[in-house]
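Source file: data-v6.pdb; contents: PDB, C-alpha atoms.
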```
ATOM      1  CA  MET A   1       2.493  29.085   4.724  1.00  0.00           C
ATOM      2  CA  HIS A   2       0.678  31.942   2.965  1.00  0.00           C
ATOM      3  CA  ALA A   3      -2.414  32.125   5.178  1.00  0.00           C
ATOM      4  CA  PRO A   4      -1.671  30.399   8.494  1.00  0.00           C
ATOM      5  CA  THR A   5      -4.415  30.040  11.074  1.00  0.00           C
ATOM      6  CA  ASP A   6      -4.456  29.290  14.797  1.00  0.00           C
ATOM      7  CA  SER A   7      -4.914  25.583  14.044  1.00  0.00           C
ATOM      8  CA  HIS A   8      -1.744  25.617  11.914  1.00  0.00           C
ATOM      9  CA  TRP A   9       0.160  27.316  14.743  1.00  0.00           C
ATOM     10  CA  ALA A  10      -1.143  24.752  17.248  1.00  0.00           C
ATOM     11  CA  ALA A  11       0.067  21.929  14.971  1.00  0.00           C
ATOM     12  CA  VAL A  12       3.520  23.509  14.658  1.00  0.00           C
ATOM     13  CA  LYS A  13       3.803  23.869  18.449  1.00  0.00           C
ATOM     14  CA  ARG A  14       2.779  20.232  18.900  1.00  0.00           C
ATOM     15  CA  ILE A  15       5.460  19.088  16.431  1.00  0.00           C
ATOM     16  CA  LEU A  16       8.119  21.201  18.166  1.00  0.00           C
ATOM     17  CA  CYS A  17       7.148  19.786  21.578  1.00  0.00           C
ATOM     18  CA  TYR A  18       7.445  16.253  20.214  1.00  0.00           C
ATOM     19  CA  LEU A  19      10.845  16.989  18.684  1.00  0.00           C
ATOM     20  CA  LYS A  20      12.099  18.546  21.921  1.00  0.00           C
ATOM     21  CA  GLY A  21      11.031  15.454  23.873  1.00  0.00           C
ATOM     22  CA  THR A  22      12.683  13.002  21.482  1.00  0.00           C
ATOM     23  CA  THR A  23      16.050  14.624  20.735  1.00  0.00           C
ATOM     24  CA  SER A  24      17.857  11.520  22.009  1.00  0.00           C
ATOM     25  CA  TYR A  25      15.906   9.171  19.717  1.00  0.00           C
ATOM     26  CA  GLY A  26      17.450   7.816  16.536  1.00  0.00           C
ATOM     27  CA  PHE A  27      17.868   4.856  14.220  1.00  0.00           C
ATOM     28  CA  HIS A  28      19.953   2.066  15.690  1.00  0.00           C
ATOM     29  CA  ILE A  29      21.929   0.224  13.057  1.00  0.00           C
ATOM     30  CA  THR A  30      22.607  -3.334  14.049  1.00  0.00           C
ATOM     31  CA  ARG A  31      24.496  -6.140  12.386  1.00  0.00           C
ATOM     32  CA  GLY A  32      22.135  -8.715  10.971  1.00  0.00           C
ATOM     33  CA  SER A  33      22.357 -11.964   9.107  1.00  0.00           C
ATOM     34  CA  SER A  34      20.352 -10.658   6.145  1.00  0.00           C
ATOM     35  CA  PHE A  35      21.392  -8.251   3.414  1.00  0.00           C
ATOM     36  CA  ALA A  36      17.929  -8.376   1.841  1.00  0.00           C
ATOM     37  CA  LEU A  37      16.276  -5.231   0.580  1.00  0.00           C
ATOM     38  CA  HIS A  38      12.579  -4.780   1.248  1.00  0.00           C
ATOM     39  CA  GLY A  39      10.262  -1.819   1.264  1.00  0.00           C
ATOM     40  CA  VAL A  40       6.925  -0.528   2.465  1.00  0.00           C
ATOM     41  CA  THR A  41       4.791   2.054   0.655  1.00  0.00           C
ATOM     42  CA  ASP A  42       1.711   3.985   1.685  1.00  0.00           C
ATOM     43  CA  ALA A  43      -0.414   7.033   0.904  1.00  0.00           C
ATOM     44  CA  ASP A  44      -3.374   8.775   2.530  1.00  0.00           C
ATOM     45  CA  TRP A  45      -5.967   9.487  -0.127  1.00  0.00           C
ATOM     46  CA  ALA A  46      -6.798  13.219  -0.350  1.00  0.00           C
ATOM     47  CA  GLY A  47      -5.399  13.753   3.137  1.00  0.00           C
ATOM     48  CA  SER A  48      -4.691  17.473   2.749  1.00  0.00           C
ATOM     49  CA  ILE A  49      -7.776  19.508   3.626  1.00  0.00           C
ATOM     50  CA  ASP A  50      -6.303  22.522   1.810  1.00  0.00           C
ATOM     51  CA  ASP A  51      -5.889  21.056  -1.692  1.00  0.00           C
ATOM     52  CA  ARG A  52      -6.962  17.382  -1.366  1.00  0.00           C
ATOM     53  CA  LYS A  53      -3.578  16.090  -2.456  1.00  0.00           C
ATOM     54  CA  SER A  54      -2.372  12.861  -0.892  1.00  0.00           C
ATOM     55  CA  THR A  55       0.711  12.351   1.252  1.00  0.00           C
ATOM     56  CA  GLY A  56       2.603   9.279   0.153  1.00  0.00           C
ATOM     57  CA  GLY A  57       5.977   7.667   0.013  1.00  0.00           C
ATOM     58  CA  TYR A  58       8.150   4.717   0.871  1.00  0.00           C
ATOM     59  CA  LEU A  59      10.542   3.286   3.426  1.00  0.00           C
ATOM     60  CA  VAL A  60      13.284   0.850   2.360  1.00  0.00           C
ATOM     61  CA  PHE A  61      15.087  -1.532   4.701  1.00  0.00           C
ATOM     62  CA  PHE A  62      18.505  -3.156   4.271  1.00  0.00           C
ATOM     63  CA  GLY A  63      18.073  -6.223   6.429  1.00  0.00           C
ATOM     64  CA  GLN A  64      16.508  -4.854   9.633  1.00  0.00           C
ATOM     65  CA  THR A  65      17.762  -1.288   9.204  1.00  0.00           C
ATOM     66  CA  PRO A  66      15.815   1.521   7.497  1.00  0.00           C
ATOM     67  CA  ILE A  67      18.190   3.088   4.957  1.00  0.00           C
ATOM     68  CA  SER A  68      16.033   5.198   2.654  1.00  0.00           C
ATOM     69  CA  TRP A  69      12.709   6.956   2.968  1.00  0.00           C
ATOM     70  CA  LYS A  70      10.750   9.710   1.354  1.00  0.00           C
ATOM     71  CA  PHE A  71       7.311  11.000   2.251  1.00  0.00           C
ATOM     72  CA  GLY A  72       5.591  14.092   1.018  1.00  0.00           C
ATOM     73  CA  LYS A  73       2.620  15.578  -0.701  1.00  0.00           C
ATOM     74  CA  GLN A  74       2.045  14.103  -4.151  1.00  0.00           C
ATOM     75  CA  ARG A  75       2.210  16.501  -7.103  1.00  0.00           C
ATOM     76  CA  THR A  76      -1.286  15.813  -8.438  1.00  0.00           C
ATOM     77  CA  VAL A  77      -4.693  15.116  -6.917  1.00  0.00           C
ATOM     78  CA  ALA A  78      -5.470  11.389  -7.033  1.00  0.00           C
ATOM     79  CA  ARG A  79      -8.927  10.381  -8.231  1.00  0.00           C
ATOM     80  CA  SER A  80      -8.915   7.197  -6.145  1.00  0.00           C
ATOM     81  CA  SER A  81      -7.073   5.605  -3.256  1.00  0.00           C
ATOM     82  CA  THR A  82      -5.719   3.052  -5.726  1.00  0.00           C
ATOM     83  CA  GLU A  83      -4.134   5.834  -7.760  1.00  0.00           C
ATOM     84  CA  ASP A  84      -2.375   7.496  -4.847  1.00  0.00           C
ATOM     85  CA  GLU A  85      -1.183   4.154  -3.431  1.00  0.00           C
ATOM     86  CA  TYR A  86       0.088   3.147  -6.873  1.00  0.00           C
ATOM     87  CA  LYS A  87       2.050   6.391  -7.190  1.00  0.00           C
ATOM     88  CA  ALA A  88       3.724   5.612  -3.850  1.00  0.00           C
ATOM     89  CA  LEU A  89       4.313   2.026  -5.012  1.00  0.00           C
ATOM     90  CA  ALA A  90       6.007   3.241  -8.211  1.00  0.00           C
ATOM     91  CA  ASP A  91       8.260   5.610  -6.219  1.00  0.00           C
ATOM     92  CA  GLY A  92       9.173   2.818  -3.798  1.00  0.00           C
ATOM     93  CA  THR A  93       9.901   0.429  -6.665  1.00  0.00           C
ATOM     94  CA  ALA A  94      12.207   2.971  -8.321  1.00  0.00           C
ATOM     95  CA  GLU A  95      14.106   3.461  -5.043  1.00  0.00           C
ATOM     96  CA  VAL A  96      14.531  -0.279  -4.409  1.00  0.00           C
ATOM     97  CA  ILE A  97      15.783  -0.841  -7.968  1.00  0.00           C
ATOM     98  CA  TRP A  98      18.259   2.059  -7.636  1.00  0.00           C
ATOM     99  CA  LEU A  99      19.509   0.723  -4.283  1.00  0.00           C
ATOM    100  CA  GLN A 100      19.973  -2.734  -5.838  1.00  0.00           C
ATOM    101  CA  TYR A 101      22.232  -1.254  -8.497  1.00  0.00           C
ATOM    102  CA  LEU A 102      24.125   0.809  -5.921  1.00  0.00           C
ATOM    103  CA  LEU A 103      24.716  -2.132  -3.588  1.00  0.00           C
ATOM    104  CA  THR A 104      25.759  -4.319  -6.517  1.00  0.00           C
ATOM    105  CA  ASP A 105      28.269  -1.654  -7.610  1.00  0.00           C
ATOM    106  CA  LEU A 106      29.578  -1.553  -4.039  1.00  0.00           C
ATOM    107  CA  GLN A 107      29.908  -5.363  -4.211  1.00  0.00           C
ATOM    108  CA  VAL A 108      27.692  -5.947  -1.190  1.00  0.00           C
ATOM    109  CA  PRO A 109      26.990  -9.706  -1.179  1.00  0.00           C
ATOM    110  CA  SER A 110      23.578 -11.337  -1.541  1.00  0.00           C
ATOM    111  CA  VAL A 111      21.680  -8.190  -2.452  1.00  0.00           C
ATOM    112  CA  PHE A 112      19.801  -9.740  -5.322  1.00  0.00           C
ATOM    113  CA  THR A 113      19.491 -13.202  -6.767  1.00  0.00           C
ATOM    114  CA  PRO A 114      17.099 -14.158  -9.572  1.00  0.00           C
ATOM    115  CA  THR A 115      15.151 -16.463  -7.226  1.00  0.00           C
ATOM    116  CA  ILE A 116      14.704 -13.946  -4.390  1.00  0.00           C
ATOM    117  CA  ALA A 117      13.474 -10.543  -5.519  1.00  0.00           C
ATOM    118  CA  PRO A 118      13.061  -7.715  -3.004  1.00  0.00           C
ATOM    119  CA  THR A 119       9.541  -7.420  -1.614  1.00  0.00           C
ATOM    120  CA  ILE A 120       7.532  -4.219  -1.382  1.00  0.00           C
ATOM    121  CA  TRP A 121       4.559  -4.258   0.968  1.00  0.00           C
ATOM    122  CA  CYS A 122       1.426  -2.261   0.134  1.00  0.00           C
ATOM    123  CA  ASP A 123      -1.868  -2.073   2.066  1.00  0.00           C
ATOM    124  CA  ASN A 124      -4.114  -1.274  -0.912  1.00  0.00           C
ATOM    125  CA  LEU A 125      -5.686  -4.309  -2.597  1.00  0.00           C
ATOM    126  CA  GLY A 126      -6.619  -2.249  -5.676  1.00  0.00           C
ATOM    127  CA  ALA A 127      -2.978  -1.330  -6.258  1.00  0.00           C
ATOM    128  CA  THR A 128      -1.828  -4.951  -5.869  1.00  0.00           C
ATOM    129  CA  TYR A 129      -4.669  -6.232  -8.112  1.00  0.00           C
ATOM    130  CA  LEU A 130      -3.562  -3.887 -10.907  1.00  0.00           C
ATOM    131  CA  LEU A 131      -0.444  -6.013 -11.334  1.00  0.00           C
ATOM    132  CA  ALA A 132      -2.409  -9.243 -11.733  1.00  0.00           C
ATOM    133  CA  ASN A 133      -5.403  -8.025 -13.746  1.00  0.00           C
ATOM    134  CA  PRO A 134      -4.670  -5.944 -16.871  1.00  0.00           C
ATOM    135  CA  ILE A 135      -8.401  -5.676 -17.681  1.00  0.00           C
ATOM    136  CA  PHE A 136      -8.960  -3.824 -14.425  1.00  0.00           C
ATOM    137  CA  HIS A 137      -6.197  -1.464 -15.551  1.00  0.00           C
ATOM    138  CA  ALA A 138      -8.302  -0.299 -18.494  1.00  0.00           C
ATOM    139  CA  ARG A 139     -10.381   1.761 -16.021  1.00  0.00           C
ATOM    140  CA  THR A 140      -7.315   3.451 -14.568  1.00  0.00           C
ATOM    141  CA  LYS A 141      -5.541   4.933 -17.577  1.00  0.00           C
ATOM    142  CA  HIS A 142      -4.486   7.961 -15.522  1.00  0.00           C
ATOM    143  CA  VAL A 143      -1.893   5.788 -13.743  1.00  0.00           C
ATOM    144  CA  GLU A 144      -0.628   4.148 -16.932  1.00  0.00           C
ATOM    145  CA  VAL A 145       3.050   5.182 -16.752  1.00  0.00           C
ATOM    146  CA  ASP A 146       3.425   4.084 -13.128  1.00  0.00           C
ATOM    147  CA  TYR A 147       1.538   0.880 -13.933  1.00  0.00           C
ATOM    148  CA  HIS A 148       3.871  -0.086 -16.778  1.00  0.00           C
ATOM    149  CA  PHE A 149       6.979   0.780 -14.764  1.00  0.00           C
ATOM    150  CA  VAL A 150       6.014  -1.411 -11.787  1.00  0.00           C
ATOM    151  CA  HIS A 151       4.459  -4.169 -13.931  1.00  0.00           C
ATOM    152  CA  ASP A 152       7.628  -4.497 -16.039  1.00  0.00           C
ATOM    153  CA  ARG A 153       9.787  -4.858 -12.899  1.00  0.00           C
ATOM    154  CA  VAL A 154       7.447  -7.511 -11.485  1.00  0.00           C
ATOM    155  CA  ALA A 155       7.346  -9.365 -14.842  1.00  0.00           C
ATOM    156  CA  LYS A 156      11.170  -9.402 -14.920  1.00  0.00           C
ATOM    157  CA  LYS A 157      11.127 -10.782 -11.348  1.00  0.00           C
ATOM    158  CA  GLU A 158      13.229  -7.857 -10.154  1.00  0.00           C
ATOM    159  CA  ILE A 159      10.697  -7.067  -7.455  1.00  0.00           C
ATOM    160  CA  GLN A 160       7.641  -8.618  -5.868  1.00  0.00           C
ATOM    161  CA  ILE A 161       4.642  -6.781  -4.478  1.00  0.00           C
ATOM    162  CA  CYS A 162       2.779  -8.176  -1.459  1.00  0.00           C
ATOM    163  CA  PHE A 163      -0.283  -7.047   0.451  1.00  0.00           C
ATOM    164  CA  VAL A 164      -0.025  -6.015   4.104  1.00  0.00           C
ATOM    165  CA  PRO A 165      -3.175  -5.357   6.192  1.00  0.00           C
ATOM    166  CA  SER A 166      -3.675  -1.700   7.119  1.00  0.00           C
ATOM    167  CA  ARG A 167      -3.403  -2.449  10.846  1.00  0.00           C
ATOM    168  CA  ASP A 168       0.171  -3.660  10.215  1.00  0.00           C
ATOM    169  CA  GLN A 169       1.097  -0.857   7.796  1.00  0.00           C
ATOM    170  CA  LEU A 170       4.338   0.327   9.344  1.00  0.00           C
ATOM    171  CA  VAL A 171       4.623   3.561   7.382  1.00  0.00           C
ATOM    172  CA  ASP A 172       1.249   4.920   8.499  1.00  0.00           C
ATOM    173  CA  VAL A 173       3.436   6.683  11.049  1.00  0.00           C
ATOM    174  CA  PHE A 174       4.623   8.928   8.172  1.00  0.00           C
ATOM    175  CA  THR A 175       1.330   9.500   6.365  1.00  0.00           C
ATOM    176  CA  GLU A 176      -1.468   9.921   8.886  1.00  0.00           C
ATOM    177  CA  PRO A 177      -2.279  10.720  12.508  1.00  0.00           C
ATOM    178  CA  LEU A 178      -2.284   7.646  14.742  1.00  0.00           C
ATOM    179  CA  PRO A 179      -3.364   6.793  18.272  1.00  0.00           C
ATOM    180  CA  VAL A 180      -0.468   6.917  20.740  1.00  0.00           C
ATOM    181  CA  VAL A 181      -0.386   3.118  21.154  1.00  0.00           C
ATOM    182  CA  SER A 182      -0.090   2.501  17.384  1.00  0.00           C
ATOM    183  CA  PHE A 183       2.425   5.319  16.941  1.00  0.00           C
ATOM    184  CA  THR A 184       4.650   3.979  19.727  1.00  0.00           C
ATOM    185  CA  ALA A 185       4.435   0.399  18.424  1.00  0.00           C
ATOM    186  CA  PHE A 186       5.340   1.453  14.875  1.00  0.00           C
ATOM    187  CA  ARG A 187       8.181   3.659  16.130  1.00  0.00           C
ATOM    188  CA  PHE A 188       9.562   0.642  18.009  1.00  0.00           C
ATOM    189  CA  LYS A 189       9.288  -1.565  14.884  1.00  0.00           C
ATOM    190  CA  LEU A 190      11.163   1.108  12.921  1.00  0.00           C
ATOM    191  CA  ARG A 191      13.905   0.815  15.548  1.00  0.00           C
ATOM    192  CA  VAL A 192      13.615   4.484  16.471  1.00  0.00           C
ATOM    193  CA  ASP A 193      14.361   4.390  20.161  1.00  0.00           C
ATOM    194  CA  PRO A 194      16.168   6.391  22.775  1.00  0.00           C
ATOM    195  CA  PRO A 195      19.762   5.301  23.351  1.00  0.00           C
ATOM    196  CA  PRO A 196      20.207   2.465  25.848  1.00  0.00           C
ATOM    197  CA  SER A 197      20.728   3.532  29.446  1.00  0.00           C
ATOM    198  CA  ALA A 198      24.347   3.579  30.613  1.00  0.00           C
TER     199      ALA A 198
END
```

Take the structure from the file and write it as structure tokens.
Amino acid sequence: MHAPTDSHWAAVKRILCYLKGTTSYGFHITRGSSFALHGVTDADWAGSIDDRKSTGGYLVFFGQTPISWKFGKQRTVARSSTEDEYKALADGTAEVIWLQYLLTDLQVPSVFTPTIAPTIWCDNLGATYLLANPIFHARTKHVEVDYHFVHDRVAKKEIQICFVPSRDQLVDVFTEPLPVVSFTAFRFKLRVDPPPSA
């Protein structure tokens, strides 16, 4: 914003062209048989060439419908991909827990039972291993608060964390540039489509 270059201007024009061509696209909310909450988290390690901060965040589904998402530049520079993915995982966990409480207060049925905790999918093995191996955590003290927050929720069986391969990481569409084929496939899986033809 303070020192834009021609490459920044070209990126802005490309975004505006995309938005103009997809004004009819949107989320399609459909009735489903499941009221389950589940989420996906991701981050791109040091993705910003200006300050080497990572872009990360989460997407939460209620059944098949995306209902909450947040992606943006993280506040601090991550020293490893595990750290930036774990920050995104902690943010996603906090959102899923908050949505559980909200849906319970609204008396939405079957949101949470002790035997079926919401699942959050993460494509970073290091971040998922942190939950299972506290000795490994000793080398990552800079993520200690996030670690304890997520670990406590997993230990209480309020949430479960599962690994998803990077090729199937749905929220890459929010955190990094993708080939057209992958972008289109992920957009379809997110149920962001043009309205049906009349």

Selection near region 3-19 of chain A, 12 Å with all atoms listed in the file, sequence-local residues under 4 positions removed, as a count of residues only: 7

Nearest residue to Tyr86 (chain A) out of A:Gly56, A:Gly39, A:Pro165, A:Pro194, using all atoms listed in the file? A:Gly56

I'd like the neighbourhood of Gln100 (chain A) as a PyMOL selection string, where a residue qualifies if any of its atoms comes within 10 Å (using all atoms listed in the file), though same-chain residues fewer than 2 positions away should be ignored. chain A and resi 36-37+94-98+102-106+108+111-112+118+158

Padding of 6 Å on every side, edges along x, y and z, all listed atoms of region 164-179 of chain A included: what centre and edge lengths in Å, to one decimal, does that box have, as JSON?
```
{"center_x": 0.5, "center_y": 2.4, "center_z": 11.2, "size_x": 20.3, "size_y": 28.7, "size_z": 26.2}
```

Residue IDs satisfying the PyMOL selection byres ((chain A and resi 120) around 10), as number ranges by chain: A: 37-41, 58-60, 89, 92-93, 96, 117-119, 121-122, 159-164

In Å to one decimal, how far is CA of Ala43 (chain A) from CA of Glu85 (chain A)?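 Distance reported for this atom pair: 5.3 Å.
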
If I take CA of Ser81 (chain A) and CA of Trp45 (chain A), how far is one from the other in Å, to one decimal?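 About the pair CA of Ser81 (chain A) and CA of Trp45 (chain A): they are 5.1 Å apart.
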
If I take CA of Arg167 (chain A) and CA of Asp91 (chain A), how far is one from the other in Å, to one decimal? 22.2 Å

May I ask which of the residues A:Asp123, A:Thr175, A:Ala90, A:Ile67 is the closest one to Asp152 (chain A), counting all atoms listed in the file?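 Result for the nearest residue to Asp152 (chain A): A:Ala90.
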
My list of candidates is A:Lys87, A:Arg75, A:Lys157, A:His28. Which is closest to Asp193 (chain A) when distances are computed with all atoms listed in the file? A:His28

Distance query 9 Å from (25.3, -4.9, 11.2) using all atoms listed in the file, result as a tab-separated table (two decimals) with C-alpha atoms, keeping the file's coordinate frame:
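The resulting file, point06.tsv, is reproduced below:
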```tsv
chain	number	residue	atom	x	y	z
A	29	ILE	CA	21.93	0.22	13.06
A	30	THR	CA	22.61	-3.33	14.05
A	31	ARG	CA	24.50	-6.14	12.39
A	32	GLY	CA	22.14	-8.72	10.97
A	33	SER	CA	22.36	-11.96	9.11
A	63	GLY	CA	18.07	-6.22	6.43
A	64	GLN	CA	16.51	-4.85	9.63
A	65	THR	CA	17.76	-1.29	9.20
```

With all atoms listed in the file as the atoms that count, which of A:Asp51, A:Asp168, A:Glu176, A:Asp42 lies nearest to Lys189 (chain A)?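 Nearest candidate to Lys189 (chain A) out of A:Asp51, A:Asp168, A:Glu176, A:Asp42: A:Asp168.
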
Write out as a CSV table (one decimal) with C-alpha atoms, in the coordinates of the input the residues lying within 7 Å of Val173 (chain A), counting all atoms listed in the file and excluding same-chain residues fewer than 4 positions away.
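Writing the result to selection-v1.csv gives the following:
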```csv
chain,number,residue,atom,x,y,z
A,178,LEU,CA,-2.3,7.6,14.7
A,183,PHE,CA,2.4,5.3,16.9
A,186,PHE,CA,5.3,1.5,14.9
```

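The shortest atom-to-atom distance to Lys73 (chain A), with all atoms listed in the file taken into account, belongs to A:Phe174 out of A:Phe174, A:Phe27, A:Tyr147, A:Phe61.
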
Matched chain/residue IDs from the PyMOL selection byres ((chain A and resi 74) around 9), as a PyMOL selection string: chain A and resi 53-57+71-73+75-78+84+87-88

How would you write as a list in words the residues that get within 10 Å of (0.7, -13.0, -12.4) in the file's frame, counting only C-alpha atoms?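 Protein and nucleic acid residues near the point are Tyr129, Leu131, Ala132, Asn133, Pro134, His151, Val154 and Ala155 of chain A.
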